[in-house]
Number of protein chains: 2
Amino acid sequence: MLFDTLTIVGVGLIGGAIGLAAKQRGIVGRVVGVGRDRARLQTALELGAIDAIALDLAQGVRDADCVLFAAPVDRIAEQALEAAAFCRRGAILTDAGSTKQAIVERVEAGLPGHVRFVGGHPLAGSEKKGVEHARADLFIDRLTVLTPTERTDAEAVARLRDFWQALGARVQVMTPAEHDRALALTSHLPHLLASALAGILPAEWAALTATGFRDTTRIAGGDPALWTPIFEQNRAALLDALDQLDARLQQFRAALNTADAHAIDSLLFQGKRMRDALGS
Amino acid sequence: MLFDTLTIVGVGLIGGAIGLAAKQRGIVGRVVGVGRDRARLQTALELGAIDAIALDLAQGVRDADCVLFAAPVDRIAEQALEAAAFCRRGAILTDAGSTKQAIVERVEAGLPGHVRFVGGHPLAGSEKKGVEHARADLFIDRLTVLTPTERTDAEAVARLRDFWQALGARVQVMTPAEHDRALALTSHLPHLLASALAGILPAEWAALTATGFRDTTRIAGGDPALWTPIFEQNRAALLDALDQLDARLQQFRAALNTADAHAIDSLLFQGKRMRDALGS
């Protein structure tokens with residue numbers, strides 16, 4: 001038993017999957033779900049993702065050994081600071097947000113001394129939303145990044161490492177800034193591109209799309225309410241990633257302008273080599 | 001029986017799927033596969049995609065009522081013109097190339113009067129290659145575009161429409177130029193973007209990719225030997241599509257630069273609306 005009571009604040013696709021997986025694997029005694037919408041929490045309860053419902057944050061976190069925040073990234077720091085005042089001494093607070101630097105800085109600036117915080121980000125998800133789409137196997141063989149700073153309690157990091165590994169994930173430790181730079185390229189830029197491509201498709205050409213367009217734009221179906229705050233919080237790194245892409249697009253443009261088959265082939269081959277290395 | 005003898009020149013993923021589907025549905029009497037590599041044709045024979053092997057184009061097309069060219073786009077026109085001289089009077093020549101204007105213009109400029117040509121493009125495929133990955137159901141509920149011109153024989157168009165519909169596909173008729181403009185945006189640009197994104201991924205961040213990056217870049221695994229000629233033949237339309245994307249990326253950049261959450265949200269919402277309309 002890693003935690004007697006795990007409280008999950010925000011029981012959607014990710015929070016729900018964490019609850020399902022932790023309960024199925026028997027690594028927590030009890031899961032409390034905190035949210036504002038009773039009907040959604042009731043669904044989570046019926047699906048087995050949580051054992052108890054709390055509409056009030058203070059009440060929901062009171063008995064928790066670990067509190068995991070899985071709300072949209074613009075709400076996590078505020079929730080963590082609000083919850084901290086009601087947490088037991090030694091409680092571990094963590095999150096599942098897709099950005100880290102803004103959240104970690106804000107939480108560390110205001111965290112009371114009786115609790116501990118470790119930034120976290122499971123690299124798993126879906127363009128779907130809601131606990132109805134949560135799956136207990138979501139984290140198996142996936143990566144979770146933990147982002148401790150020099151102020152972070154080492155034992156709390158070790159316990160969260162055990163927790164994520166018990167859910168089937170691999171764990172990698174990075175600084176919040178490193179995480180945000182990498183994810184800008186590996187997650188936020190792909191989302192921006194998928195959205196840009198979907199956004200310029202004339203409706204009358206929709207029937208002329210096939211698997212390629214659909215795969216390339218799939219994540220554009222994600223909820224803007226989740227992604228806009230991610231883009232805002234990580235805008236500097238995302239702009240840098242966009243610059244890198246622009247440079248690459250310029251190489252394609254030059255090759256196309258001069259009908260340079262060798263250059264086109266070389267660019268496509270470099271992309272293929274990296275993509276092949278990722279596997280399916 | 002739509003054709004007594006169908007000859008497929010280039011028995012890879014697409015040519016093989018056409019052979020498999022046509023044979024399974026009993027709409028052709030016999031399928032002859034033409035290629036340069038006996039071992040690959042032998043595999044196609046064993047998989048049931050073709051009934052007979054021809055290493056010689058002239059011999060392979062001699063008895064055909066219909067000859068379908070499914071080679072890379074830079075070889076189709078040449079093969080069609082070479083084959084035409086050996087074809088029976090009234091034979092229908094068609095293709096499965098991803099570009100149409102360059103192919104159709106070149107074939108029409110040189111085609112002898114005793115045969116008929118109709119440009120075609122089944123919007124189906126995969127980043128995989130080879131007859132080993134060919135599936136008889138590849139065309140079911142997918143679109144095939146036929147691109148007749150004012151010089152094209154109407155009866156040949158009607159027979160190919162029947163043929164593709166018998167394989168399970170819907171058929172849409174467009175001009176070669178319309179096809180190329182649309183496919184530049186719906187297929188060639190997504191390929192370029194997937195390749196550009198995969199190509200800028202530093203190897204040390206490969207572990208930090210998840211489903212989003214993988215979906216968005218999947219088609220970058222396609223064979224450059226097929227895609228370079230597509231980009232070359234359709235480079236003007238592809239550059240136009242790239243301009244449209246650039247304008248959209250500039251809107252994202254401006255919104256990020258000014259941290260304009262409303263503008264980011266609006267852009268993401270427009271992309272989501274179009275993507276949701278496409279379905280999975």
# chains A, B, ... in the order shown; residues from 1 in each chain; ligands from 1
$ interface_residues --of "chain B" --to "chain A" --cutoff "7 Å" --atoms "only C-alpha atoms" --output "PyMOL selection string"
chain B and resi 123-124+182+186-187+190+194-200+205-206+208-210+212-213+215-217+219-222+224+228+232+235+239+245+248-249+253+256+259+261+264-265+268-272+274-276+278
$ closest_residue --among "A:Ala158, A:Val104, A:Ala54, A:Ile140" --to "Asp180 (chain A)" --atoms "only C-alpha atoms"
A:Val104
$ select_by_dssp --residues "region 1-172 of chain B" --states "strand (DSSP E)" --output "count of residues only"
38
$ atom_distance --atom1 "CA of Asp63 (chain B)" --atom2 "CA of Ala91 (chain B)"
9.1 Å
$ residues_around --residues "region 9-11 of chain A" --least-positions-apart "6" --cutoff "9 Å" --atoms "only C-alpha atoms" --output "ChimeraX atom specification"
/A:17-19,32-36,40-41,44,49-50,57,60-61,67-72,76,79,130-131
$ write_last_selection --atoms "N, CA, C and O atoms" --output "short mmCIF file (atom, residue, chain, number, x, y, z; two decimals), in the first residue's frame"
data_model
loop_
_atom_site.label_atom_id
_atom_site.label_comp_id
_atom_site.auth_asym_id
_atom_site.auth_seq_id
_atom_site.Cartn_x
_atom_site.Cartn_y
_atom_site.Cartn_z
N ALA A 17 -8.31 7.81 -14.91
CA ALA A 17 -7.44 6.67 -15.23
C ALA A 17 -6.50 6.38 -14.06
O ALA A 17 -6.21 5.22 -13.75
N ILE A 18 -6.03 7.44 -13.39
CA ILE A 18 -5.16 7.25 -12.23
C ILE A 18 -5.92 6.52 -11.11
O ILE A 18 -5.43 5.55 -10.53
N GLY A 19 -7.17 6.97 -10.87
CA GLY A 19 -7.97 6.31 -9.84
C GLY A 19 -8.24 4.85 -10.18
O GLY A 19 -8.04 3.96 -9.35
N VAL A 32 -10.37 9.37 -3.06
CA VAL A 32 -11.39 10.41 -2.95
C VAL A 32 -11.32 11.28 -4.20
O VAL A 32 -10.23 11.72 -4.60
N GLY A 33 -12.46 11.52 -4.83
CA GLY A 33 -12.52 12.37 -6.00
C GLY A 33 -13.11 13.72 -5.66
O GLY A 33 -14.19 13.78 -5.07
N VAL A 34 -12.38 14.79 -6.02
CA VAL A 34 -12.87 16.14 -5.75
C VAL A 34 -13.23 16.82 -7.07
O VAL A 34 -12.47 16.73 -8.06
N GLY A 35 -14.38 17.47 -7.10
CA GLY A 35 -14.78 18.20 -8.30
C GLY A 35 -15.93 19.11 -7.97
O GLY A 35 -16.40 19.16 -6.84
N ARG A 36 -16.38 19.84 -9.02
CA ARG A 36 -17.48 20.77 -8.80
C ARG A 36 -18.81 20.20 -9.29
O ARG A 36 -19.86 20.69 -8.96
N ARG A 40 -20.74 14.22 -12.56
CA ARG A 40 -19.52 13.63 -13.12
C ARG A 40 -18.80 12.77 -12.09
O ARG A 40 -18.27 11.71 -12.39
N LEU A 41 -18.78 13.26 -10.84
CA LEU A 41 -18.13 12.48 -9.79
C LEU A 41 -18.91 11.19 -9.55
O LEU A 41 -18.33 10.13 -9.30
N ALA A 44 -17.84 8.78 -12.07
CA ALA A 44 -16.52 8.24 -11.70
C ALA A 44 -16.64 7.18 -10.62
O ALA A 44 -15.95 6.15 -10.65
N ALA A 49 -13.59 4.49 -10.47
CA ALA A 49 -12.38 5.30 -10.48
C ALA A 49 -12.11 5.94 -9.11
O ALA A 49 -10.96 6.26 -8.79
N ILE A 50 -13.16 6.13 -8.33
CA ILE A 50 -13.02 6.70 -6.99
C ILE A 50 -13.94 5.95 -6.03
O ILE A 50 -14.87 5.24 -6.45
N LEU A 57 -13.18 21.18 -1.57
CA LEU A 57 -11.75 20.84 -1.63
C LEU A 57 -11.19 20.57 -0.24
O LEU A 57 -10.46 19.59 -0.03
N GLY A 60 -12.22 17.26 0.96
CA GLY A 60 -11.69 16.17 0.13
C GLY A 60 -10.24 15.83 0.40
O GLY A 60 -9.80 14.70 0.18
N VAL A 61 -9.46 16.81 0.83
CA VAL A 61 -8.02 16.56 0.98
C VAL A 61 -7.62 16.28 2.44
O VAL A 61 -6.47 15.92 2.71
N VAL A 67 -2.25 14.05 -2.62
CA VAL A 67 -3.28 14.76 -3.39
C VAL A 67 -2.74 15.01 -4.79
O VAL A 67 -1.66 15.59 -4.95
N LEU A 68 -3.49 14.53 -5.78
CA LEU A 68 -3.04 14.66 -7.16
C LEU A 68 -3.99 15.58 -7.92
O LEU A 68 -5.19 15.31 -7.98
N PHE A 69 -3.46 16.65 -8.48
CA PHE A 69 -4.26 17.63 -9.19
C PHE A 69 -4.23 17.33 -10.69
O PHE A 69 -3.16 17.32 -11.31
N ALA A 70 -5.40 17.07 -11.24
CA ALA A 70 -5.50 16.70 -12.66
C ALA A 70 -6.49 17.61 -13.38
O ALA A 70 -7.19 17.19 -14.30
N ALA A 71 -6.53 18.86 -12.96
CA ALA A 71 -7.40 19.86 -13.60
C ALA A 71 -6.64 20.50 -14.77
O ALA A 71 -5.46 20.24 -14.98
N PRO A 72 -7.30 21.37 -15.55
CA PRO A 72 -6.59 22.15 -16.55
C PRO A 72 -5.42 22.92 -15.91
O PRO A 72 -5.51 23.32 -14.75
N ILE A 76 -4.30 24.44 -11.59
CA ILE A 76 -3.60 23.53 -10.68
C ILE A 76 -2.92 24.26 -9.52
O ILE A 76 -3.09 23.89 -8.35
N GLN A 79 -5.36 25.65 -7.00
CA GLN A 79 -5.99 24.57 -6.23
C GLN A 79 -5.01 24.00 -5.20
O GLN A 79 -5.40 23.71 -4.06
N GLY A 130 -13.16 13.28 -20.35
CA GLY A 130 -14.17 12.74 -19.44
C GLY A 130 -13.78 11.37 -18.90
O GLY A 130 -13.09 10.59 -19.55
N VAL A 131 -14.25 11.11 -17.69
CA VAL A 131 -13.92 9.86 -17.01
C VAL A 131 -14.47 8.66 -17.77
O VAL A 131 -13.97 7.55 -17.64
#
$ select_by_dssp --residues "region 65-246 of chain B" --states "alpha helix (DSSP H)" --output "ChimeraX atom specification"
/B:73-84,101-110,154-166,176-183,189-199,211-217,224-233,235-246
$ residues_around --residues "region 107-116 of chain A" --least-positions-apart "6" --cutoff "8 Å" --atoms "only C-alpha atoms" --output "MDAnalysis selection string"
chainID A and resid 77:78 80:81 84:85 87:93 152:153 156
$ atom_distance --atom1 "CA of Val157 (chain B)" --atom2 "CA of His133 (chain B)"
28.6 Å
$ atom_distance --atom1 "CA of Gly12 (chain A)" --atom2 "CA of Glu155 (chain A)"
28.1 Å
$ residues_around --residues "Leu47 (chain B)" --least-positions-apart "4" --cutoff "9 Å" --atoms "only C-alpha atoms" --output "NGL selection string"
:B and (16 or 20 or 42-43 or 131-132)
$ residues_around --residues "Leu167 (chain B)" --least-positions-apart "3" --cutoff "8 Å" --atoms "only C-alpha atoms" --output "ChimeraX atom specification"
/B:18,21-22,25,139-140,163-164
$ closest_residue --among "A:Asp240, A:Asp95, A:Ala52, A:Gly26" --to "Arg38 (chain A)" --atoms "only C-alpha atoms"
A:Ala52
